file input38.cif (mmCIF, C-alpha atoms and all ligand atoms)
data_entry
loop_
_atom_site.label_atom_id
_atom_site.label_comp_id
_atom_site.auth_asym_id
_atom_site.auth_seq_id
_atom_site.Cartn_x
_atom_site.Cartn_y
_atom_site.Cartn_z
CA MET A 1375 107.59 -33.45 12.86
CA PHE A 1376 104.84 -34.00 10.32
CA LYS A 1377 103.20 -31.19 8.39
CA LYS A 1378 100.51 -31.14 5.73
CA VAL A 1379 98.06 -28.64 4.28
CA PHE A 1380 94.63 -29.51 2.88
CA ARG A 1381 91.93 -27.52 1.21
CA VAL A 1382 88.16 -27.67 1.83
CA GLU A 1383 85.78 -26.34 -0.78
CA GLY A 1384 82.74 -24.48 0.53
CA GLY A 1385 79.45 -25.96 -0.66
CA ASN A 1386 80.98 -29.20 -1.91
CA PHE A 1387 78.95 -31.88 -0.11
CA GLN A 1388 80.36 -34.61 -2.37
CA LYS A 1389 83.78 -34.13 -0.82
CA ALA A 1390 82.60 -33.26 2.70
CA GLY A 1391 84.50 -35.37 5.21
CA SER A 1392 87.36 -36.26 2.87
CA VAL A 1393 89.96 -34.07 4.60
CA SER A 1394 89.03 -35.56 8.00
CA LYS A 1395 89.39 -39.01 6.48
CA GLN A 1396 92.88 -38.18 5.19
CA ILE A 1397 93.87 -36.82 8.59
CA LYS A 1398 92.61 -39.99 10.27
CA LYS A 1399 94.72 -42.11 7.93
CA ILE A 1400 97.84 -40.07 8.74
CA LEU A 1401 97.27 -40.29 12.51
CA LYS A 1402 96.77 -44.06 12.22
CA GLN A 1403 99.95 -44.46 10.18
CA LEU A 1404 101.82 -42.57 12.89
CA ASN A 1405 100.47 -45.12 15.37
CA LEU A 1406 98.92 -42.52 17.63
CA ASP A 1407 96.66 -43.53 20.49
CA GLY A 1408 93.15 -44.59 19.44
CA GLU A 1409 91.32 -42.25 21.79
CA LEU A 1410 93.44 -39.34 20.61
CA ILE A 1411 92.65 -40.18 16.98
CA TRP A 1412 88.96 -40.37 17.84
CA ARG A 1413 89.10 -36.91 19.45
CA ALA A 1414 91.03 -35.48 16.51
CA MET A 1415 88.35 -36.87 14.21
CA ILE A 1416 85.46 -35.25 16.05
CA ILE A 1417 87.27 -31.93 15.79
CA ALA A 1418 88.40 -32.28 12.18
CA TYR A 1419 85.02 -33.53 10.97
CA GLU A 1420 82.97 -30.81 12.68
CA ALA A 1421 85.33 -28.06 11.54
CA GLU A 1422 85.43 -29.42 7.99
CA ILE A 1423 81.63 -29.63 7.79
CA ASN A 1424 81.30 -26.07 9.08
CA ALA A 1425 83.67 -24.94 6.34
CA VAL A 1426 81.59 -26.77 3.72
CA LEU A 1427 78.34 -25.34 5.12
CA TYR A 1428 79.33 -21.78 5.88
CA ALA A 1429 82.61 -20.79 4.17
CA HIS A 1430 83.79 -20.29 0.60
CA GLU A 1431 87.01 -22.17 1.12
CA CYS A 1432 89.15 -23.31 3.98
CA GLN A 1433 92.81 -24.10 4.42
CA VAL A 1434 93.48 -26.89 6.90
CA SER A 1435 96.96 -27.18 8.39
CA LEU A 1436 97.91 -30.29 10.29
CA GLU A 1437 101.10 -30.44 12.33
CA ILE A 1438 102.18 -33.32 14.51
CA THR A 1439 105.12 -33.07 16.87
CA ALA A 1440 106.32 -35.19 19.80
CA GLU A 1441 104.10 -33.03 22.04
CA LYS A 1442 100.89 -32.46 20.15
CA ILE A 1443 98.58 -32.55 17.19
CA TYR A 1444 97.96 -29.03 15.97
CA MET A 1445 95.15 -28.26 13.53
CA ARG A 1446 94.30 -24.91 12.03
CA PHE A 1447 91.17 -24.26 9.99
CA LYS A 1448 91.45 -20.91 8.29
CA ASP A 1449 88.54 -20.05 6.05
CA LYS A 1450 87.50 -17.29 3.73
CA GLY A 1451 83.83 -16.65 4.28
CA PRO A 1452 81.18 -14.55 5.98
CA GLY A 1453 82.80 -14.76 9.41
CA ILE A 1454 80.89 -15.03 12.69
CA PRO A 1455 79.35 -11.81 14.05
CA ASP A 1456 78.84 -13.08 17.62
CA ILE A 1457 81.31 -15.78 18.61
CA SER A 1458 79.91 -16.44 22.09
CA LEU A 1459 76.47 -16.97 20.55
CA ALA A 1460 77.93 -19.32 17.92
CA MET A 1461 79.67 -21.24 20.73
CA THR A 1462 76.33 -21.77 22.54
CA GLU A 1463 74.94 -25.31 22.39
CA GLY A 1464 71.88 -25.40 20.16
CA TYR A 1465 72.56 -22.16 18.33
CA SER A 1466 72.56 -22.61 14.56
CA THR A 1467 71.96 -20.56 11.45
CA ALA A 1468 71.74 -23.70 9.30
CA THR A 1469 69.18 -23.38 6.52
CA ARG A 1470 66.34 -25.80 5.98
CA ALA A 1471 68.33 -27.51 3.21
CA MET A 1472 71.27 -28.00 5.58
CA ARG A 1473 68.98 -29.38 8.29
CA GLU A 1474 67.54 -31.84 5.80
CA ARG A 1475 71.08 -33.15 5.34
CA GLY A 1476 71.29 -33.72 9.08
CA PHE A 1477 73.27 -30.63 10.06
CA GLY A 1478 72.23 -27.73 12.26
CA ALA A 1479 71.99 -29.10 15.81
CA GLY A 1480 74.27 -26.26 16.89
CA LEU A 1481 76.70 -28.67 18.54
CA GLY A 1482 79.73 -28.61 16.26
CA LEU A 1483 81.67 -25.71 17.75
CA PRO A 1484 80.81 -26.56 21.40
CA ASN A 1485 81.96 -30.13 20.78
CA ILE A 1486 85.18 -28.96 19.15
CA ARG A 1487 85.92 -26.82 22.21
CA LYS A 1488 85.07 -29.63 24.66
CA THR A 1489 87.17 -32.16 22.79
CA SER A 1490 90.25 -29.93 22.39
CA ASP A 1491 93.02 -29.44 24.93
CA HIS A 1492 93.42 -25.91 23.64
CA PHE A 1493 90.93 -24.12 21.41
CA GLU A 1494 90.94 -20.67 19.92
CA ILE A 1495 88.49 -19.09 17.52
CA THR A 1496 88.88 -15.76 15.79
CA SER A 1497 86.60 -14.32 13.17
CA THR A 1498 86.19 -11.19 11.12
CA VAL A 1499 82.84 -10.51 9.50
CA GLY A 1500 83.20 -10.44 5.72
CA VAL A 1501 86.66 -11.99 5.85
CA GLY A 1502 86.56 -15.37 7.54
CA THR A 1503 87.03 -17.56 10.57
CA THR A 1504 90.06 -19.32 12.02
CA LEU A 1505 90.11 -22.18 14.50
CA ASP A 1506 93.35 -23.15 16.25
CA ILE A 1507 93.31 -26.46 18.06
CA ASP A 1508 95.86 -28.39 20.08
CA LEU A 1509 95.57 -31.99 21.24
CA PHE A 1510 98.41 -32.97 23.55
CA LEU A 1511 99.91 -36.39 23.08
CA ASN A 1512 99.95 -37.15 26.79
N1 LIG B 1601 83.35 -21.42 9.54
C1 LIG B 1601 82.25 -20.72 9.82
N2 LIG B 1601 81.97 -19.57 9.15
C2 LIG B 1601 80.86 -18.84 9.44
N3 LIG B 1601 79.97 -19.19 10.37
C3 LIG B 1601 80.18 -20.31 11.08
C4 LIG B 1601 81.33 -21.13 10.84
N4 LIG B 1601 81.29 -22.17 11.70
C5 LIG B 1601 80.19 -22.01 12.43
N5 LIG B 1601 79.50 -20.89 12.06
C6 LIG B 1601 78.26 -20.36 12.67
O1 LIG B 1601 78.17 -20.83 14.01
C7 LIG B 1601 76.96 -21.59 14.17
C8 LIG B 1601 77.18 -22.73 15.13
O2 LIG B 1601 78.09 -23.68 14.56
P1 LIG B 1601 78.03 -25.19 15.07
O3 LIG B 1601 79.01 -25.99 14.29
O4 LIG B 1601 78.15 -25.21 16.54
O5 LIG B 1601 76.54 -25.64 14.71
P2 LIG B 1601 75.88 -25.99 13.30
O6 LIG B 1601 76.94 -26.17 12.26
O7 LIG B 1601 74.87 -24.95 13.03
O8 LIG B 1601 75.19 -27.37 13.63
P3 LIG B 1601 75.93 -28.81 13.82
O9 LIG B 1601 77.40 -28.55 13.84
O10 LIG B 1601 75.44 -29.34 15.12
O11 LIG B 1601 75.50 -29.61 12.63
C9 LIG B 1601 76.57 -21.99 12.76
O12 LIG B 1601 75.19 -22.26 12.63
C10 LIG B 1601 77.01 -20.78 11.95
O13 LIG B 1601 76.07 -19.73 12.09
MG MG B 1602 78.61 -27.39 12.68
#

call {"tool": "encode", "arguments": {"input": "input38.cif", "output": "structure tokens", "more": "lines below"}}
Ligand SMILES: Nc1ncnc2c1ncn2[C@@H]1O[C@H](COP(=O)(O)OP(=O)(O)OP(=O)(O)O)[C@@H](O)[C@H]1O
Ligand SMILES: [Mg+2]
result
Amino acid sequence: MFKKVFRVEGGNFQKAGSVSKQIKKILKQLNLDGELIWRAMIIAYEAEINAVLYAHECQVSLEITAEKIYMRFKDKGPGIPDISLAMTEGYSTATRAMRERGFGAGLGLPNIRKTSDHFEITSTVGVGTTLDIDLFLN
């Protein structure tokens, strides 16, 4: 069993992607399947970028067991008022500045859900958003 906790700083574009990169390194060192690592990276990167774009801070927990990779992204932030809308492909509240950086296609959350074996999102407006994701090892 492997366990590690990371922190993502909201608004810090300099560091954006660094937690995903660390996770990738860990999964590679554990010799996990390449396709599984690739899927974990799509999920981790999209969730990390959302935390940078929309949250104040985010705690990322990574757990790897013989059965699965478990990732939890628990942020403090504005929360999501309408989750089913946020999960809709193409829906985005990204600002012009965010779009100029290449974000805001409204595909991050739908892609996280598609790529996960198990995906759960909970959110409280004014408090924050939590994503729970499982990727099964086989
Ligand atoms: N952690 C979060 N906290 C608050 N709002 C969020 C969070 N993650 C996503 N959202 C909201 O859900 C919307 C959809 O997110 P999604 O990741 O699918 O698209 P996007 O980030 O806008 O664009 P893309 O991911 O394609 O660059 C966001 O525009 C934002 O309004
Ligand atoms: Mg996104």

call {"tool": "atom_distance", "arguments": {"input": "input38.cif", "atom1": "CA of Glu1463 (chain A)", "atom2": "CA of Ser1490 (chain A)"}}
result
16.0 Å

call {"tool": "residues_near_ligand", "arguments": {"input": "input38.cif", "ligand": "ligand LIG 1601 (chain B)", "cutoff": "9 Å", "atoms": "only C-alpha atoms and all ligand atoms", "output": "ChimeraX atom specification"}}
result
/A:1420-1430,1432,1447-1457,1459-1469,1472-1473,1476-1486,1497,1499,1502-1505

call {"tool": "atom_distance", "arguments": {"input": "input38.cif", "atom1": "CA of Val1379 (chain A)", "atom2": "CA of Ile1438 (chain A)"}}
result
12.0 Å

call {"tool": "atom_distance", "arguments": {"input": "input38.cif", "atom1": "CA of Phe1493 (chain A)", "atom2": "CA of Ile1507 (chain A)"}}
result
4.7 Å

call {"tool": "residues_around", "arguments": {"input": "input38.cif", "residues": "Ala1390 (chain A)", "least_positions_apart": "3", "cutoff": "9 Å", "atoms": "all atoms listed in the file", "output": "PyMOL selection string"}}
result
chain A and resi 1382-1383+1385-1387+1393-1394+1419+1422-1423+1426

call {"tool": "closest_residue", "arguments": {"input": "input38.cif", "among": "A:Val1434, A:Ile1397, A:Val1501, A:Leu1404", "to": "Ile1416 (chain A)", "atoms": "all atoms listed in the file"}}
result
A:Ile1397

call {"tool": "residues_around", "arguments": {"input": "input38.cif", "residues": "Ile1411 (chain A)", "least_positions_apart": "2", "cutoff": "10 Å", "atoms": "all atoms listed in the file", "output": "list of chain:residue names"}}
result
A:Ile1397, A:Lys1398, A:Lys1399, A:Ile1400, A:Leu1401, A:Lys1402, A:Asn1405, A:Leu1406, A:Asp1407, A:Gly1408, A:Glu1409, A:Arg1413, A:Ala1414, A:Met1415, A:Ile1416, A:Ile1417, A:Ile1443, A:Leu1509

call {"tool": "write_last_selection", "arguments": {"input": "input38.cif", "atoms": "C-alpha atoms", "output": "PDB file, in the frame of the given file"}}
result
ATOM      1  CA  ILE A1397      93.870 -36.820   8.590  1.00  0.00           C
ATOM      2  CA  LYS A1398      92.610 -39.990  10.270  1.00  0.00           C
ATOM      3  CA  LYS A1399      94.720 -42.110   7.930  1.00  0.00           C
ATOM      4  CA  ILE A1400      97.840 -40.070   8.740  1.00  0.00           C
ATOM      5  CA  LEU A1401      97.270 -40.290  12.510  1.00  0.00           C
ATOM      6  CA  LYS A1402      96.770 -44.060  12.220  1.00  0.00           C
ATOM      7  CA  ASN A1405     100.470 -45.120  15.370  1.00  0.00           C
ATOM      8  CA  LEU A1406      98.920 -42.520  17.630  1.00  0.00           C
ATOM      9  CA  ASP A1407      96.660 -43.530  20.490  1.00  0.00           C
ATOM     10  CA  GLY A1408      93.150 -44.590  19.440  1.00  0.00           C
ATOM     11  CA  GLU A1409      91.320 -42.250  21.790  1.00  0.00           C
ATOM     12  CA  ARG A1413      89.100 -36.910  19.450  1.00  0.00           C
ATOM     13  CA  ALA A1414      91.030 -35.480  16.510  1.00  0.00           C
ATOM     14  CA  MET A1415      88.350 -36.870  14.210  1.00  0.00           C
ATOM     15  CA  ILE A1416      85.460 -35.250  16.050  1.00  0.00           C
ATOM     16  CA  ILE A1417      87.270 -31.930  15.790  1.00  0.00           C
ATOM     17  CA  ILE A1443      98.580 -32.550  17.190  1.00  0.00           C
ATOM     18  CA  LEU A1509      95.570 -31.990  21.240  1.00  0.00           C
TER      19      LEU A1509
END

call {"tool": "closest_residue", "arguments": {"input": "input38.cif", "among": "A:Glu1441, A:Gly1500, A:Ala1418, A:Glu1431", "to": "ligand MG 1602 (chain B)", "atoms": "only C-alpha atoms and all ligand atoms"}}
result
A:Ala1418

call {"tool": "closest_residue", "arguments": {"input": "input38.cif", "among": "A:Gln1388, A:His1492, A:Arg1475, A:Arg1446", "to": "ligand MG 1602 (chain B)", "atoms": "only C-alpha atoms and all ligand atoms"}}
result
A:Arg1475
